[in-house]
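Quick look at protein_4.pdb (PDB, N, CA and C atoms, pLDDT in the B column):
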MODEL        1
ATOM      1  N   MET A   1     -47.525   3.415  54.461  1.00 76.00           N
ATOM      2  CA  MET A   1     -48.517   2.371  54.446  1.00 76.00           C
ATOM      3  C   MET A   1     -47.896   1.139  55.098  1.00 76.00           C
ATOM      4  N   SER A   2     -48.641   0.509  55.970  1.00 88.00           N
ATOM      5  CA  SER A   2     -48.115  -0.666  56.666  1.00 88.00           C
ATOM      6  C   SER A   2     -48.047  -1.866  55.726  1.00 88.00           C
ATOM      7  N   THR A   3     -47.271  -2.835  56.139  1.00 90.00           N
ATOM      8  CA  THR A   3     -47.091  -4.028  55.322  1.00 90.00           C
ATOM      9  C   THR A   3     -48.394  -4.802  55.167  1.00 90.00           C
ATOM     10  N   ALA A   4     -49.180  -4.868  56.230  1.00 93.00           N
ATOM     11  CA  ALA A   4     -50.460  -5.585  56.157  1.00 93.00           C
ATOM     12  C   ALA A   4     -51.394  -4.921  55.146  1.00 93.00           C
ATOM     13  N   ALA A   5     -51.412  -3.605  55.128  1.00 94.00           N
ATOM     14  CA  ALA A   5     -52.250  -2.892  54.163  1.00 94.00           C
ATOM     15  C   ALA A   5     -51.761  -3.126  52.741  1.00 94.00           C
ATOM     16  N   LYS A   6     -50.438  -3.161  52.559  1.00 94.00           N
ATOM     17  CA  LYS A   6     -49.883  -3.417  51.228  1.00 94.00           C
ATOM     18  C   LYS A   6     -50.248  -4.818  50.745  1.00 94.00           C
ATOM     19  N   VAL A   7     -50.217  -5.788  51.651  1.00 95.00           N
ATOM     20  CA  VAL A   7     -50.579  -7.160  51.284  1.00 95.00           C
ATOM     21  C   VAL A   7     -52.044  -7.217  50.878  1.00 95.00           C
ATOM     22  N   LEU A   8     -52.919  -6.556  51.637  1.00 96.00           N
ATOM     23  CA  LEU A   8     -54.345  -6.554  51.313  1.00 96.00           C
ATOM     24  C   LEU A   8     -54.622  -5.869  49.975  1.00 96.00           C
ATOM     25  N   VAL A   9     -53.958  -4.757  49.718  1.00 96.00           N
ATOM     26  CA  VAL A   9     -54.158  -4.047  48.456  1.00 96.00           C
ATOM     27  C   VAL A   9     -53.605  -4.871  47.291  1.00 96.00           C
ATOM     28  N   THR A  10     -52.489  -5.561  47.512  1.00 96.00           N
ATOM     29  CA  THR A  10     -51.930  -6.432  46.472  1.00 96.00           C
ATOM     30  C   THR A  10     -52.886  -7.579  46.152  1.00 96.00           C
ATOM     31  N   ILE A  11     -53.456  -8.188  47.183  1.00 97.00           N
ATOM     32  CA  ILE A  11     -54.434  -9.254  46.956  1.00 97.00           C
ATOM     33  C   ILE A  11     -55.644  -8.705  46.211  1.00 97.00           C
ATOM     34  N   GLY A  12     -56.072  -7.487  46.552  1.00 96.00           N
ATOM     35  CA  GLY A  12     -57.182  -6.855  45.839  1.00 96.00           C
ATOM     36  C   GLY A  12     -56.857  -6.590  44.383  1.00 96.00           C
ATOM     37  N   ALA A  13     -55.618  -6.177  44.109  1.00 96.00           N
ATOM     38  CA  ALA A  13     -55.207  -5.928  42.720  1.00 96.00           C
ATOM     39  C   ALA A  13     -55.180  -7.223  41.920  1.00 96.00           C
ATOM     40  N   ILE A  14     -54.698  -8.293  42.524  1.00 96.00           N
ATOM     41  CA  ILE A  14     -54.679  -9.582  41.831  1.00 96.00           C
ATOM     42  C   ILE A  14     -56.104 -10.076  41.588  1.00 96.00           C
ATOM     43  N   PHE A  15     -56.969  -9.902  42.569  1.00 96.00           N
ATOM     44  CA  PHE A  15     -58.371 -10.296  42.418  1.00 96.00           C
ATOM     45  C   PHE A  15     -59.044  -9.488  41.309  1.00 96.00           C
ATOM     46  N   ALA A  16     -58.770  -8.182  41.253  1.00 95.00           N
ATOM     47  CA  ALA A  16     -59.338  -7.341  40.194  1.00 95.00           C
ATOM     48  C   ALA A  16     -58.807  -7.767  38.827  1.00 95.00           C
ATOM     49  N   TYR A  17     -57.527  -8.131  38.753  1.00 95.00           N
ATOM     50  CA  TYR A  17     -56.954  -8.626  37.498  1.00 95.00           C
ATOM     51  C   TYR A  17     -57.672  -9.880  37.024  1.00 95.00           C
ATOM     52  N   ILE A  18     -57.921 -10.794  37.967  1.00 94.00           N
ATOM     53  CA  ILE A  18     -58.614 -12.033  37.607  1.00 94.00           C
ATOM     54  C   ILE A  18     -60.034 -11.733  37.127  1.00 94.00           C
ATOM     55  N   LEU A  19     -60.720 -10.814  37.828  1.00 95.00           N
ATOM     56  CA  LEU A  19     -62.087 -10.465  37.431  1.00 95.00           C
ATOM     57  C   LEU A  19     -62.143  -9.798  36.055  1.00 95.00           C
ATOM     58  N   ILE A  20     -61.118  -9.061  35.702  1.00 92.00           N
ATOM     59  CA  ILE A  20     -61.112  -8.367  34.414  1.00 92.00           C
ATOM     60  C   ILE A  20     -60.588  -9.279  33.301  1.00 92.00           C
ATOM     61  N   ALA A  21     -59.511 -10.005  33.566  1.00 90.00           N
ATOM     62  CA  ALA A  21     -58.849 -10.787  32.510  1.00 90.00           C
ATOM     63  C   ALA A  21     -59.613 -12.043  32.126  1.00 90.00           C
ATOM     64  N   THR A  22     -60.275 -12.679  33.079  1.00 91.00           N
ATOM     65  CA  THR A  22     -60.948 -13.947  32.785  1.00 91.00           C
ATOM     66  C   THR A  22     -62.054 -13.813  31.742  1.00 91.00           C
ATOM     67  N   PRO A  23     -63.003 -12.874  31.891  1.00 91.00           N
ATOM     68  CA  PRO A  23     -64.039 -12.769  30.855  1.00 91.00           C
ATOM     69  C   PRO A  23     -63.497 -12.346  29.495  1.00 91.00           C
ATOM     70  N   ILE A  24     -62.495 -11.481  29.495  1.00 88.00           N
ATOM     71  CA  ILE A  24     -61.917 -11.034  28.224  1.00 88.00           C
ATOM     72  C   ILE A  24     -61.227 -12.213  27.525  1.00 88.00           C
ATOM     73  N   THR A  25     -60.451 -12.973  28.285  1.00 87.00           N
ATOM     74  CA  THR A  25     -59.760 -14.125  27.717  1.00 87.00           C
ATOM     75  C   THR A  25     -60.755 -15.170  27.213  1.00 87.00           C
ATOM     76  N   ALA A  26     -61.796 -15.423  27.992  1.00 88.00           N
ATOM     77  CA  ALA A  26     -62.795 -16.414  27.580  1.00 88.00           C
ATOM     78  C   ALA A  26     -63.523 -15.974  26.312  1.00 88.00           C
ATOM     79  N   ALA A  27     -63.858 -14.688  26.230  1.00 88.00           N
ATOM     80  CA  ALA A  27     -64.554 -14.185  25.043  1.00 88.00           C
ATOM     81  C   ALA A  27     -63.658 -14.229  23.810  1.00 88.00           C
ATOM     82  N   MET A  28     -62.384 -13.910  23.986  1.00 86.00           N
ATOM     83  CA  MET A  28     -61.466 -13.944  22.855  1.00 86.00           C
ATOM     84  C   MET A  28     -61.237 -15.381  22.371  1.00 86.00           C
ATOM     85  N   LYS A  29     -61.109 -16.321  23.287  1.00 85.00           N
ATOM     86  CA  LYS A  29     -60.904 -17.719  22.886  1.00 85.00           C
ATOM     87  C   LYS A  29     -62.151 -18.286  22.220  1.00 85.00           C
ATOM     88  N   GLU A  30     -63.316 -17.875  22.719  1.00 86.00           N
ATOM     89  CA  GLU A  30     -64.560 -18.368  22.147  1.00 86.00           C
ATOM     90  C   GLU A  30     -64.750 -17.875  20.716  1.00 86.00           C
ATOM     91  N   SER A  31     -64.283 -16.660  20.453  1.00 85.00           N
ATOM     92  CA  SER A  31     -64.435 -16.122  19.105  1.00 85.00           C
ATOM     93  C   SER A  31     -63.394 -16.681  18.132  1.00 85.00           C
ATOM     94  N   GLY A  32     -62.434 -17.400  18.660  1.00 83.00           N
ATOM     95  CA  GLY A  32     -61.460 -18.048  17.791  1.00 83.00           C
ATOM     96  C   GLY A  32     -60.145 -17.322  17.670  1.00 83.00           C
ATOM     97  N   SER A  33     -60.003 -16.168  18.298  1.00 81.00           N
ATOM     98  CA  SER A  33     -58.739 -15.442  18.212  1.00 81.00           C
ATOM     99  C   SER A  33     -57.939 -15.620  19.502  1.00 81.00           C
ATOM    100  N   SER A  34     -56.697 -15.269  19.440  1.00 78.00           N
ATOM    101  CA  SER A  34     -55.812 -15.424  20.587  1.00 78.00           C
ATOM    102  C   SER A  34     -55.868 -14.182  21.473  1.00 78.00           C
ATOM    103  N   PRO A  35     -56.015 -14.370  22.771  1.00 71.00           N
ATOM    104  CA  PRO A  35     -56.077 -13.218  23.678  1.00 71.00           C
ATOM    105  C   PRO A  35     -54.696 -12.738  24.122  1.00 71.00           C
ATOM    106  N   GLY A  36     -53.671 -13.069  23.382  1.00 78.00           N
ATOM    107  CA  GLY A  36     -52.304 -12.815  23.800  1.00 78.00           C
ATOM    108  C   GLY A  36     -51.971 -11.363  24.056  1.00 78.00           C
ATOM    109  N   PHE A  37     -52.281 -10.480  23.124  1.00 85.00           N
ATOM    110  CA  PHE A  37     -51.878  -9.088  23.259  1.00 85.00           C
ATOM    111  C   PHE A  37     -52.632  -8.385  24.378  1.00 85.00           C
ATOM    112  N   ILE A  38     -53.926  -8.604  24.465  1.00 86.00           N
ATOM    113  CA  ILE A  38     -54.718  -7.976  25.527  1.00 86.00           C
ATOM    114  C   ILE A  38     -54.325  -8.543  26.882  1.00 86.00           C
ATOM    115  N   GLY A  39     -54.102  -9.839  26.936  1.00 85.00           N
ATOM    116  CA  GLY A  39     -53.660 -10.455  28.182  1.00 85.00           C
ATOM    117  C   GLY A  39     -52.306  -9.930  28.626  1.00 85.00           C
ATOM    118  N   LEU A  40     -51.425  -9.696  27.659  1.00 90.00           N
ATOM    119  CA  LEU A  40     -50.104  -9.154  27.971  1.00 90.00           C
ATOM    120  C   LEU A  40     -50.216  -7.733  28.529  1.00 90.00           C
ATOM    121  N   ILE A  41     -51.076  -6.928  27.953  1.00 92.00           N
ATOM    122  CA  ILE A  41     -51.276  -5.558  28.442  1.00 92.00           C
ATOM    123  C   ILE A  41     -51.815  -5.577  29.870  1.00 92.00           C
ATOM    124  N   LEU A  42     -52.780  -6.456  30.127  1.00 92.00           N
ATOM    125  CA  LEU A  42     -53.338  -6.550  31.478  1.00 92.00           C
ATOM    126  C   LEU A  42     -52.304  -7.042  32.485  1.00 92.00           C
ATOM    127  N   LEU A  43     -51.454  -7.978  32.082  1.00 92.00           N
ATOM    128  CA  LEU A  43     -50.417  -8.481  32.975  1.00 92.00           C
ATOM    129  C   LEU A  43     -49.390  -7.399  33.302  1.00 92.00           C
ATOM    130  N   VAL A  44     -48.999  -6.618  32.308  1.00 94.00           N
ATOM    131  CA  VAL A  44     -48.057  -5.521  32.548  1.00 94.00           C
ATOM    132  C   VAL A  44     -48.684  -4.467  33.463  1.00 94.00           C
ATOM    133  N   ALA A  45     -49.980  -4.221  33.309  1.00 95.00           N
ATOM    134  CA  ALA A  45     -50.675  -3.283  34.196  1.00 95.00           C
ATOM    135  C   ALA A  45     -50.698  -3.804  35.627  1.00 95.00           C
ATOM    136  N   LEU A  46     -50.900  -5.107  35.801  1.00 95.00           N
ATOM    137  CA  LEU A  46     -50.878  -5.698  37.138  1.00 95.00           C
ATOM    138  C   LEU A  46     -49.503  -5.574  37.767  1.00 95.00           C
ATOM    139  N   ILE A  47     -48.468  -5.848  37.000  1.00 96.00           N
ATOM    140  CA  ILE A  47     -47.103  -5.739  37.526  1.00 96.00           C
ATOM    141  C   ILE A  47     -46.795  -4.291  37.910  1.00 96.00           C
ATOM    142  N   GLY A  48     -47.217  -3.338  37.083  1.00 96.00           N
ATOM    143  CA  GLY A  48     -47.008  -1.926  37.412  1.00 96.00           C
ATOM    144  C   GLY A  48     -47.753  -1.518  38.664  1.00 96.00           C
ATOM    145  N   ALA A  49     -48.970  -2.028  38.841  1.00 95.00           N
ATOM    146  CA  ALA A  49     -49.743  -1.699  40.040  1.00 95.00           C
ATOM    147  C   ALA A  49     -49.077  -2.264  41.287  1.00 95.00           C
ATOM    148  N   ILE A  50     -48.605  -3.489  41.206  1.00 95.00           N
ATOM    149  CA  ILE A  50     -47.949  -4.100  42.367  1.00 95.00           C
ATOM    150  C   ILE A  50     -46.640  -3.384  42.690  1.00 95.00           C
ATOM    151  N   ARG A  51     -45.900  -2.985  41.661  1.00 96.00           N
ATOM    152  CA  ARG A  51     -44.660  -2.222  41.920  1.00 96.00           C
ATOM    153  C   ARG A  51     -44.953  -0.873  42.547  1.00 96.00           C
ATOM    154  N   ALA A  52     -46.050  -0.236  42.126  1.00 94.00           N
ATOM    155  CA  ALA A  52     -46.418   1.054  42.711  1.00 94.00           C
ATOM    156  C   ALA A  52     -46.859   0.897  44.163  1.00 94.00           C
ATOM    157  N   ILE A  53     -47.515  -0.203  44.471  1.00 93.00           N
ATOM    158  CA  ILE A  53     -47.950  -0.440  45.844  1.00 93.00           C
ATOM    159  C   ILE A  53     -46.746  -0.645  46.763  1.00 93.00           C
ATOM    160  N   TRP A  54     -45.773  -1.401  46.314  1.00 93.00           N
ATOM    161  CA  TRP A  54     -44.637  -1.762  47.163  1.00 93.00           C
ATOM    162  C   TRP A  54     -43.455  -0.812  47.045  1.00 93.00           C
ATOM    163  N   LYS A  55     -43.603   0.267  46.289  1.00 91.00           N
ATOM    164  CA  LYS A  55     -42.515   1.221  46.133  1.00 91.00           C
ATOM    165  C   LYS A  55     -42.227   1.909  47.467  1.00 91.00           C
ATOM    166  N   LYS A  56     -40.963   1.977  47.814  1.00 82.00           N
ATOM    167  CA  LYS A  56     -40.568   2.618  49.066  1.00 82.00           C
ATOM    168  C   LYS A  56     -40.360   4.108  48.829  1.00 82.00           C
ATOM    169  N   PRO A  57     -40.805   4.942  49.757  1.00 77.00           N
ATOM    170  CA  PRO A  57     -40.596   6.382  49.583  1.00 77.00           C
ATOM    171  C   PRO A  57     -39.116   6.737  49.740  1.00 77.00           C
ATOM    172  N   LYS A  58     -38.718   7.769  49.026  1.00 73.00           N
ATOM    173  CA  LYS A  58     -37.338   8.225  49.136  1.00 73.00           C
ATOM    174  C   LYS A  58     -37.186   9.013  50.428  1.00 73.00           C
ATOM    175  N   ASN A  59     -36.157   8.697  51.175  1.00 69.00           N
ATOM    176  CA  ASN A  59     -35.894   9.411  52.424  1.00 69.00           C
ATOM    177  C   ASN A  59     -34.809  10.447  52.174  1.00 69.00           C
ATOM    178  N   ASN A  60     -35.208  11.689  52.064  1.00 63.00           N
ATOM    179  CA  ASN A  60     -34.244  12.766  51.880  1.00 63.00           C
ATOM    180  C   ASN A  60     -33.824  13.268  53.247  1.00 63.00           C
ATOM    181  N   LYS A  61     -32.537  13.237  53.508  1.00 63.00           N
ATOM    182  CA  LYS A  61     -32.034  13.728  54.793  1.00 63.00           C
ATOM    183  C   LYS A  61     -32.220  15.235  54.886  1.00 63.00           C
ATOM    184  N   ASP A  62     -32.014  15.921  53.768  1.00 59.00           N
ATOM    185  CA  ASP A  62     -32.155  17.373  53.731  1.00 59.00           C
ATOM    186  C   ASP A  62     -33.486  17.698  53.051  1.00 59.00           C
ATOM    187  N   ASN A  63     -34.472  18.108  53.832  1.00 61.00           N
ATOM    188  CA  ASN A  63     -35.789  18.388  53.286  1.00 61.00           C
ATOM    189  C   ASN A  63     -35.818  19.675  52.456  1.00 61.00           C
ATOM    190  N   ASN A  64     -34.829  20.529  52.663  1.00 61.00           N
ATOM    191  CA  ASN A  64     -34.779  21.801  51.976  1.00 61.00           C
ATOM    192  C   ASN A  64     -33.697  21.745  50.905  1.00 61.00           C
ATOM    193  N   SER A  65     -33.845  20.847  49.953  1.00 60.00           N
ATOM    194  CA  SER A  65     -32.765  20.592  48.988  1.00 60.00           C
ATOM    195  C   SER A  65     -33.032  21.245  47.640  1.00 60.00           C
ATOM    196  N   SER A  66     -33.558  22.446  47.638  1.00 62.00           N
ATOM    197  CA  SER A  66     -33.798  23.139  46.394  1.00 62.00           C
ATOM    198  C   SER A  66     -32.458  23.553  45.774  1.00 62.00           C
ATOM    199  N   MET A  67     -32.387  23.488  44.469  1.00 63.00           N
ATOM    200  CA  MET A  67     -31.149  23.867  43.778  1.00 63.00           C
ATOM    201  C   MET A  67     -30.822  25.344  43.994  1.00 63.00           C
ATOM    202  N   LEU A  68     -31.816  26.182  44.141  1.00 63.00           N
ATOM    203  CA  LEU A  68     -31.569  27.611  44.314  1.00 63.00           C
ATOM    204  C   LEU A  68     -30.992  27.926  45.704  1.00 63.00           C
ATOM    205  N   GLN A  69     -31.247  27.078  46.681  1.00 59.00           N
ATOM    206  CA  GLN A  69     -30.777  27.350  48.033  1.00 59.00           C
ATOM    207  C   GLN A  69     -29.389  26.793  48.276  1.00 59.00           C
ATOM    208  N   LYS A  70     -28.806  26.080  47.317  1.00 56.00           N
ATOM    209  CA  LYS A  70     -27.480  25.497  47.534  1.00 56.00           C
ATOM    210  C   LYS A  70     -26.386  26.443  47.167  1.00 56.00           C
TER     211      LYS A  70
ENDMDL
END
Translate the structure of the given file into structure tokens.
Amino acid sequence: MSTAAKVLVTIGAIFAYILIATPITAAMKESGSSPGFIGLILLVALIGAIRAIWKKPKNNKDNNSSMLQK
């Protein structure tokens, strides 16, 4: 995946996080409780998504590296 595509997908993930977290946080604050735990779960999910987007593939020099063939 090209860098430009990764940047666009990352911006989309952040935008989706904002769209999901904002109403939940507002509803929790309005009801009088703290949105801390749910907000924390959503933030960890965002960080995991961004790490998955930017993860570099492993480059194996030997494509035929089965344990049985060694």
(message) For this structure, which residues satisfy the selection - the PyMOL selection byres ((chain A and resi 13-24) around 8) - when it is evaluated on the file as given? I want them as a PyMOL selection string.
(response) chain A and resi 7-12+25-30+35+38-39+42-43+46+49-50
(request) Name the residues of chain A that come out as helix (DSSP H, G or I) in a backbone DSSP run; write them as a ChimeraX atom specification. (result) /A:3-31,36-54,67-69
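Straight-line separation from atom CA of Ala5 of chain A to atom CA of Pro57 of chain A: 15.6 Å.
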